[in-house]
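Contents: one structure, followed by commentary.
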Amino acid sequence: MCAFSLEARSMFVYEHFIRRSIHYGVHGRNTQPPPVQDSPFDLLVVGGGVNGTGIARDAAGRGASVLLVEQDDLASYTSSASTKLIHGGLRYLEYYEFRLVREALIERERLLRIAPHIIWPMRFVLPYTPQARPAWMLRLGLFLYDHLAPNMTLPKCKSLDFRTSSAGKPLNGKLARGFAYSDGWVQDSRLVVLNAMDAKARGADIRTRTRLVQARRVDGLWEAVIENTRDGSQQTVRAKIVVNAGGPWVSEVLRERAQVETTKNVRLVKGSHIVVPRLFDGPQAYILQNPDKRIVFAIPYEQKFTLIGTTDVPWTQAPGRVEISPDEISYLCESVSRYFTKPVTPADVVWSYAGVRPLYDDAAKNASAVTRDYVLDVDTQGNQAPMLSIFGGKITTFRRLAEHAIEKLQPFLPVLSAPGWTADKVLPGGDLGEGGFEGAMGRLAAKAPFLDQQLCWRLVRNYGSRADVIVGDARSMEDMGEQFGGGLTAREVEYLIAHEWAQTTEDILWRRSRLGLHVTDEDVGRLDTYLRGRQPVAAKAAS
């Protein structure tokens with residue numbers, strides 16, 4: 001296991017200083033006016049998280065010209081810091097969020113169909129503790145959960161006797177019964193990348209490391225200055241509509257960069273997770289009720305680990321990269337230790353991550369009670385060029401959110417009136433063919449018998465049918481090129497650079513994969529060296 005070293009962080013700061021010096025010169029200003037693009041885009045999407053890429057994909061598929069800009073890497077923030085669940089949100093029923101839960105359950109079924117390589121079913125075990133919620137409430141909630149969505153394909157809930165069920169073996173014996181129900185698991189940052197890939201395949205222009213500097217309405221269009229954050233170069237682009245999918249920065253984009261006033265706000269809530277060595281055997285996850293009525297998940301993760309989370313902590317500082325606090329670590333450790341035979345301590349944590357969730361501010365007093373629903377707000381300031389801003393949302397409903405966003409924009413852009421199409425079209429790699437995942441894995445193993453079983457599994461799980469593109473004409477592991485640990489090879493790295501906008505070690509090891517958990521510091525150093533040696537080529541390919 002590894003983390004980014006102080007030396008690597010210092011190099012990042014140094015490179016950032018050099019880029020700014022080149023861009024602003026000795027006087028601190030760029031004296032060259034940014035070039036202007038002549039032909040306006042239909043949509044300028046600001047934000048490369050799951051909502052932004054989902055909207056870009058939907059709009060491009062209907063024939064709209066789309067430019068998406070993301071200030072860092074795709075899924076750099078909220079969309080890679082989730083609990084990795086495609087779920088209706090069982091606990092949201094407590095807050096009477098029936099419409100949201102129903103929509104999310106319907107979307108769960110759709111996403112399982114269109115991205116079966118990165119989304120798969122998972123069984124959740126809910127131990128019954130009389131101190132938390134009464135048994136009748138849990139039964140009612142689970143009954144609703146199974147019946148709010150029509151045509152549910154996953155196994156329904158059932159009662160468990162932990163004295164006889166294998167699900168009770170990891171538990172400490174204090175609880176005799178519980179329930180099991182079904183939901184889905186997702187590789188969240190890969191979901192974002194696949195949406196961006198499909199959007200690009202349908203004509204969208206996806207630019208990472210590109211931030212919106214400012215936007216203003218000029219002659220019925222949006223005129224926006226965008227900046228390449230790597231070299232400081234700027235460009236002025238025009239668009240008929242701006243979609244503000246800035247996530248935690250949605251208010252900043254509105255008020256500071258576009259000078260648009262609104263009465264709506266986001267409420268920032270930090271959610272943190274820890275990863276520890278595997279706590280239990282089996283494919284099941286656990287949903288654990290705490291005395292404070294919050295719930296914490298314990299989920300099988302990367303074969304060798306257990307993912308534990310999440311917390312809900314109000315966040316009043318600027319959004320961006322955040323870290324878990326010692327109090328949050330203690331809270332999560334205590335939450336799982338209350339249930340499992342094997343206690344968890346802060347010393348067991350091998351990795352942690354945190355993200356800021358931009359929830360719609362509904363004035364709820366408790367951060368856990370803030371709605372996970374979304375609000376779409378269109379500002380025209382008296383028949384001027386529209387800006388659509390997204391407040392709130394959750395990863396499970398991103399596709400439906402995108403459809404709703406397109407519906408709101410149809411009166412302003414006739415091309416968007418084409419029929420919706422995303423509910424049934426698989427994401428890149430999702431066409432697994434006969435036999436589903438196991439069939440695709442068997443065909444890759446037959447094509448490339450030199451791949452060990454774990455690597456074959458990981459390639460199909462990450463890339464689905466596109467694993468064939470990575471393997472290509474290789475006939476041995478030597479043909480796959482330099483190896484960087486965890487099964488990562490130069491062929492896979494080159495694929496990520498050419499097709500998935502990866503540019504840095506962090507992009508590759510933590511957002512395109514979770515191989516950061518499986519490699520050594522030496523492996524990371526060799527990958528750094530490899531990328532530095534071909535960085536100009538990487539930047540060109542990713543564009």
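Numbering starts fresh at 1 for the residues of each chain in the structure tokens, the chains themselves are lettered A, B, ... in the order given, and ligands are numbered from 1 as they appear.
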
Inset, instruction - Please identify all polymer residues within 10 Å of range 124-129 of chain A, counting only C-alpha atoms, omitting same-chain residues fewer than 3 positions from it, and present them as JSON, numbers by chain. - result: {"A": [121, 132, 133, 134, 135, 138, 157, 158, 159, 160, 161, 162, 167, 168, 171, 174, 175, 176, 177, 178, 179, 180, 181, 182, 183, 184, 283, 284, 285, 286, 287, 288, 289, 290, 291, 297, 298, 299, 339]}

Inset, instruction - Name the residues of range 327-461 of chain A that fall into strand (DSSP E) according to DSSP on the backbone, using the chain letters and numbers of this document, as number ranges by chain. - result: A: 351-360, 374-379, 387-392

Inset, instruction - Would you list the contacts of Phe280 in chain A as a list in words, taking every protein, DNA or RNA residue within 9 Å and counting only C-alpha atoms, but skipping same-chain residues closer than 4 positions in sequence? - result: Lys169, Pro170, Pro300, Thr306, Phe340 and Lys342 of chain A

Legend entry - 10 Å contact set for Val322 in chain A, only C-alpha atoms, chain neighbours under 5 positions out, as a ChimeraX atom specification: /A:77,270-272,315,317,353-356

Atoms kept (C-alpha atoms) for selection, written as an mmCIF file, in the first residue's frame:
```
data_model
loop_
_atom_site.group_PDB
_atom_site.id
_atom_site.type_symbol
_atom_site.label_atom_id
_atom_site.label_comp_id
_atom_site.auth_asym_id
_atom_site.auth_seq_id
_atom_site.Cartn_x
_atom_site.Cartn_y
_atom_site.Cartn_z
ATOM 1 C CA TYR A 77 -13.993 14.785 -6.408
ATOM 2 C CA LYS A 270 -18.404 15.503 3.962
ATOM 3 C CA GLY A 271 -18.608 11.752 3.664
ATOM 4 C CA SER A 272 -15.571 9.675 4.638
ATOM 5 C CA TRP A 315 -18.722 21.076 5.653
ATOM 6 C CA GLN A 317 -14.972 25.275 4.137
ATOM 7 C CA TYR A 353 -10.887 8.708 1.310
ATOM 8 C CA ALA A 354 -13.343 11.535 1.742
ATOM 9 C CA GLY A 355 -15.489 13.673 -0.505
ATOM 10 C CA VAL A 356 -17.835 16.615 -0.253
#
```

Inset, instruction - Excluding Phe450 in chain A and residues on its chain fewer than 2 positions from it, collect all residues at most 10 Å away from it, counting only C-alpha atoms, and give them as a PyMOL selection string. - result: chain A and resi 445-448+452-453+455-456+474-478

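With only C-alpha atoms as the atoms that count, the residue of A:Leu140, A:Leu93, A:Val69, A:Leu279 with the shortest distance to Arg209 in chain A is A:Val69.
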
Legend entry - Atom-to-atom span, CA of Thr520 in chain A and CA of Pro449 in chain A, Å: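 Separation between CA of Thr520 in chain A and CA of Pro449 in chain A: 26.4 Å.
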
Can you list, as a PDB file with C-alpha atoms, in the first residue's frame, all residues belonging to range 373-470 of chain A that DSSP tags as helix (DSSP H, G or I)?
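So out32.pdb came out as:
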```
ATOM      1  CA  ILE A 395     -24.901   8.611  -8.455  1.00  0.00           C
ATOM      2  CA  THR A 396     -27.710   6.067  -8.894  1.00  0.00           C
ATOM      3  CA  THR A 397     -30.047   8.576 -10.542  1.00  0.00           C
ATOM      4  CA  PHE A 398     -27.504  10.363 -12.751  1.00  0.00           C
ATOM      5  CA  ARG A 399     -28.980   9.008 -16.008  1.00  0.00           C
ATOM      6  CA  ARG A 400     -32.528  10.049 -15.123  1.00  0.00           C
ATOM      7  CA  LEU A 401     -31.252  13.412 -13.912  1.00  0.00           C
ATOM      8  CA  ALA A 402     -29.655  13.885 -17.328  1.00  0.00           C
ATOM      9  CA  GLU A 403     -32.968  13.111 -19.038  1.00  0.00           C
ATOM     10  CA  HIS A 404     -34.759  15.630 -16.831  1.00  0.00           C
ATOM     11  CA  ALA A 405     -32.100  18.230 -17.614  1.00  0.00           C
ATOM     12  CA  ILE A 406     -32.522  17.671 -21.350  1.00  0.00           C
ATOM     13  CA  GLU A 407     -36.300  17.968 -20.994  1.00  0.00           C
ATOM     14  CA  LYS A 408     -35.894  21.354 -19.299  1.00  0.00           C
ATOM     15  CA  LEU A 409     -33.639  22.567 -22.111  1.00  0.00           C
ATOM     16  CA  GLN A 410     -35.740  21.322 -25.039  1.00  0.00           C
ATOM     17  CA  PRO A 411     -37.741  24.587 -25.369  1.00  0.00           C
ATOM     18  CA  PHE A 412     -34.471  26.472 -25.914  1.00  0.00           C
ATOM     19  CA  PRO A 414     -34.905  22.030 -30.678  1.00  0.00           C
ATOM     20  CA  VAL A 415     -32.194  19.434 -31.408  1.00  0.00           C
ATOM     21  CA  LEU A 416     -32.679  18.116 -27.878  1.00  0.00           C
ATOM     22  CA  SER A 417     -36.277  17.155 -28.714  1.00  0.00           C
ATOM     23  CA  GLY A 436     -22.487 -12.350 -19.503  1.00  0.00           C
ATOM     24  CA  PHE A 437     -19.465 -11.621 -17.356  1.00  0.00           C
ATOM     25  CA  GLU A 438     -18.352 -15.233 -16.993  1.00  0.00           C
ATOM     26  CA  GLY A 439     -18.699 -15.776 -20.743  1.00  0.00           C
ATOM     27  CA  ALA A 440     -16.632 -12.681 -21.534  1.00  0.00           C
ATOM     28  CA  MET A 441     -13.970 -13.755 -19.045  1.00  0.00           C
ATOM     29  CA  GLY A 442     -13.822 -17.227 -20.582  1.00  0.00           C
ATOM     30  CA  ARG A 443     -13.379 -15.807 -24.090  1.00  0.00           C
ATOM     31  CA  LEU A 444     -10.573 -13.483 -22.965  1.00  0.00           C
ATOM     32  CA  ALA A 445      -8.844 -16.356 -21.169  1.00  0.00           C
ATOM     33  CA  ALA A 446      -9.044 -18.447 -24.330  1.00  0.00           C
ATOM     34  CA  LYS A 447      -7.667 -15.604 -26.460  1.00  0.00           C
ATOM     35  CA  GLN A 453      -6.936 -15.691 -13.640  1.00  0.00           C
ATOM     36  CA  GLN A 454      -6.829 -12.622 -11.399  1.00  0.00           C
ATOM     37  CA  LEU A 455      -5.598 -10.332 -14.185  1.00  0.00           C
ATOM     38  CA  CYS A 456      -8.137 -11.757 -16.628  1.00  0.00           C
ATOM     39  CA  TRP A 457     -10.903 -11.146 -14.087  1.00  0.00           C
ATOM     40  CA  ARG A 458      -9.769  -7.589 -13.402  1.00  0.00           C
ATOM     41  CA  LEU A 459      -9.522  -6.639 -17.079  1.00  0.00           C
ATOM     42  CA  VAL A 460     -13.057  -7.853 -17.806  1.00  0.00           C
ATOM     43  CA  ARG A 461     -14.402  -6.317 -14.586  1.00  0.00           C
ATOM     44  CA  ASN A 462     -12.900  -2.926 -15.452  1.00  0.00           C
ATOM     45  CA  TYR A 463     -13.222  -2.845 -19.228  1.00  0.00           C
ATOM     46  CA  GLY A 464     -15.754  -5.491 -20.226  1.00  0.00           C
ATOM     47  CA  SER A 465     -15.565  -6.306 -23.918  1.00  0.00           C
ATOM     48  CA  ARG A 466     -12.938  -3.586 -24.394  1.00  0.00           C
ATOM     49  CA  ALA A 467     -10.401  -5.754 -22.573  1.00  0.00           C
ATOM     50  CA  ASP A 468      -9.752  -7.185 -26.045  1.00  0.00           C
ATOM     51  CA  VAL A 469      -8.507  -3.758 -27.148  1.00  0.00           C
ATOM     52  CA  ILE A 470      -5.957  -3.738 -24.334  1.00  0.00           C
TER      53      ILE A 470
END
```

Inset, instruction - Between CA of Arg532 in chain A and CA of Ile508 in chain A, measure the distance and give it in Å to one decimal. - result: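 Distance between the two atoms: 13.7 Å.
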
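Proximity to Gly49 in chain A was assessed for A:Leu191, A:Ile329, A:Ile86, A:Met122 counting only C-alpha atoms; the smallest distance is recorded for A:Leu191.
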
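Contact shell of range 185-189 of chain A at 7 Å (only C-alpha atoms; same-chain neighbours under 6 positions omitted): Ala75, Ser79, Ser80, Lys84, Leu85, Ile86, Ile118, Ile119, Trp120, Pro121, Met122, Arg511 and Arg512 of chain A.
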
May I have the residues within 12 Å of Lys264 in chain A as a tab-separated table (two decimals) with N, CA, C and O atoms, in the first residue's frame, using only C-alpha atoms and disregarding those fewer than 6 positions away in the same chain?
```tsv
chain	number	residue	atom	x	y	z
A	250	VAL	N	-21.09	24.44	-7.62
A	250	VAL	CA	-22.21	24.94	-8.42
A	250	VAL	C	-22.53	26.38	-8.09
A	250	VAL	O	-22.80	27.20	-8.99
A	251	SER	N	-22.52	26.74	-6.82
A	251	SER	CA	-22.83	28.12	-6.44
A	251	SER	C	-21.73	29.07	-6.89
A	251	SER	O	-21.99	30.20	-7.30
A	254	LEU	N	-22.12	29.79	-10.55
A	254	LEU	CA	-23.23	30.72	-10.76
A	254	LEU	C	-22.85	32.15	-10.39
A	254	LEU	O	-22.92	33.06	-11.23
A	255	ARG	N	-22.45	32.34	-9.16
A	255	ARG	CA	-22.34	33.70	-8.62
A	255	ARG	C	-21.03	34.40	-8.99
A	255	ARG	O	-21.01	35.59	-9.27
A	359	LEU	N	-25.35	18.56	-1.55
A	359	LEU	CA	-26.77	18.26	-1.42
A	359	LEU	C	-27.59	19.54	-1.55
A	359	LEU	O	-27.14	20.62	-1.17
A	360	TYR	N	-28.79	19.39	-2.07
A	360	TYR	CA	-29.68	20.55	-2.17
A	360	TYR	C	-30.07	20.98	-0.75
A	360	TYR	O	-30.51	20.16	0.06
A	361	ASP	N	-29.93	22.26	-0.46
A	361	ASP	CA	-30.20	22.76	0.88
A	361	ASP	C	-31.70	22.90	1.10
A	361	ASP	O	-32.34	23.85	0.64
A	362	ASP	N	-32.25	21.92	1.83
A	362	ASP	CA	-33.69	21.94	2.12
A	362	ASP	C	-33.96	22.38	3.56
A	362	ASP	O	-35.06	22.19	4.08
A	363	ALA	N	-32.94	22.94	4.21
A	363	ALA	CA	-33.05	23.50	5.57
A	363	ALA	C	-33.20	22.43	6.65
A	363	ALA	O	-33.58	22.74	7.78
A	374	TYR	N	-32.64	15.81	-6.25
A	374	TYR	CA	-31.97	16.87	-6.98
A	374	TYR	C	-32.96	17.93	-7.43
A	374	TYR	O	-34.16	17.68	-7.57
A	375	VAL	N	-32.45	19.13	-7.64
A	375	VAL	CA	-33.24	20.25	-8.15
A	375	VAL	C	-32.51	20.81	-9.37
A	375	VAL	O	-31.29	21.05	-9.32
A	376	LEU	N	-33.25	21.01	-10.45
A	376	LEU	CA	-32.69	21.59	-11.68
A	376	LEU	C	-33.27	22.98	-11.85
A	376	LEU	O	-34.49	23.15	-11.89
A	377	ASP	N	-32.41	23.97	-11.96
A	377	ASP	CA	-32.84	25.36	-12.02
A	377	ASP	C	-32.34	26.00	-13.31
A	377	ASP	O	-31.14	25.98	-13.59
A	378	VAL	N	-33.26	26.55	-14.11
A	378	VAL	CA	-32.91	27.21	-15.36
A	378	VAL	C	-33.02	28.71	-15.18
A	378	VAL	O	-34.07	29.23	-14.79
A	379	ASP	N	-31.94	29.42	-15.44
A	379	ASP	CA	-31.92	30.87	-15.36
A	379	ASP	C	-31.79	31.44	-16.77
A	379	ASP	O	-30.89	31.06	-17.52
A	389	SER	N	-28.56	24.84	-13.80
A	389	SER	CA	-27.71	24.47	-12.67
A	389	SER	C	-28.31	23.28	-11.94
A	389	SER	O	-29.53	23.20	-11.76
A	390	ILE	N	-27.43	22.40	-11.50
A	390	ILE	CA	-27.84	21.16	-10.83
A	390	ILE	C	-27.49	21.26	-9.36
A	390	ILE	O	-26.33	21.44	-9.00
A	391	PHE	N	-28.49	21.12	-8.53
A	391	PHE	CA	-28.32	21.13	-7.08
A	391	PHE	C	-28.66	19.74	-6.55
A	391	PHE	O	-29.79	19.27	-6.71
A	392	GLY	N	-27.70	19.09	-5.91
A	392	GLY	CA	-27.96	17.79	-5.31
A	392	GLY	C	-27.84	16.66	-6.30
A	392	GLY	O	-27.22	16.77	-7.36
```

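We find CA of Leu43 in chain A and CA of Ile241 in chain A to be spaced 4.9 Å apart.
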
Legend entry - Closest of A:Glu302, A:Glu261, A:Glu227, A:Arg357 to Thr316 in chain A - atom-to-atom distances counting only C-alpha atoms: A:Arg357

Legend entry - For Val275 in chain A, the nearest of the candidates A:Gln234, A:Thr210, A:Thr345, A:Asn228, counting only C-alpha atoms: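 Comparing A:Gln234, A:Thr210, A:Thr345, A:Asn228 against Val275 in chain A, the winner is A:Thr345.
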
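Here the question is which of A:Val192, A:Leu111, A:Leu527, A:Leu142 gets nearest to Gly52 in chain A using only C-alpha atoms, and that residue is A:Val192.
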
Legend entry - Option closest in space to Leu496 in chain A, from A:Val193, A:Ala149, A:Arg321, A:Ser335 [counting only C-alpha atoms]: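 The closest residue to Leu496 in chain A is A:Val193.
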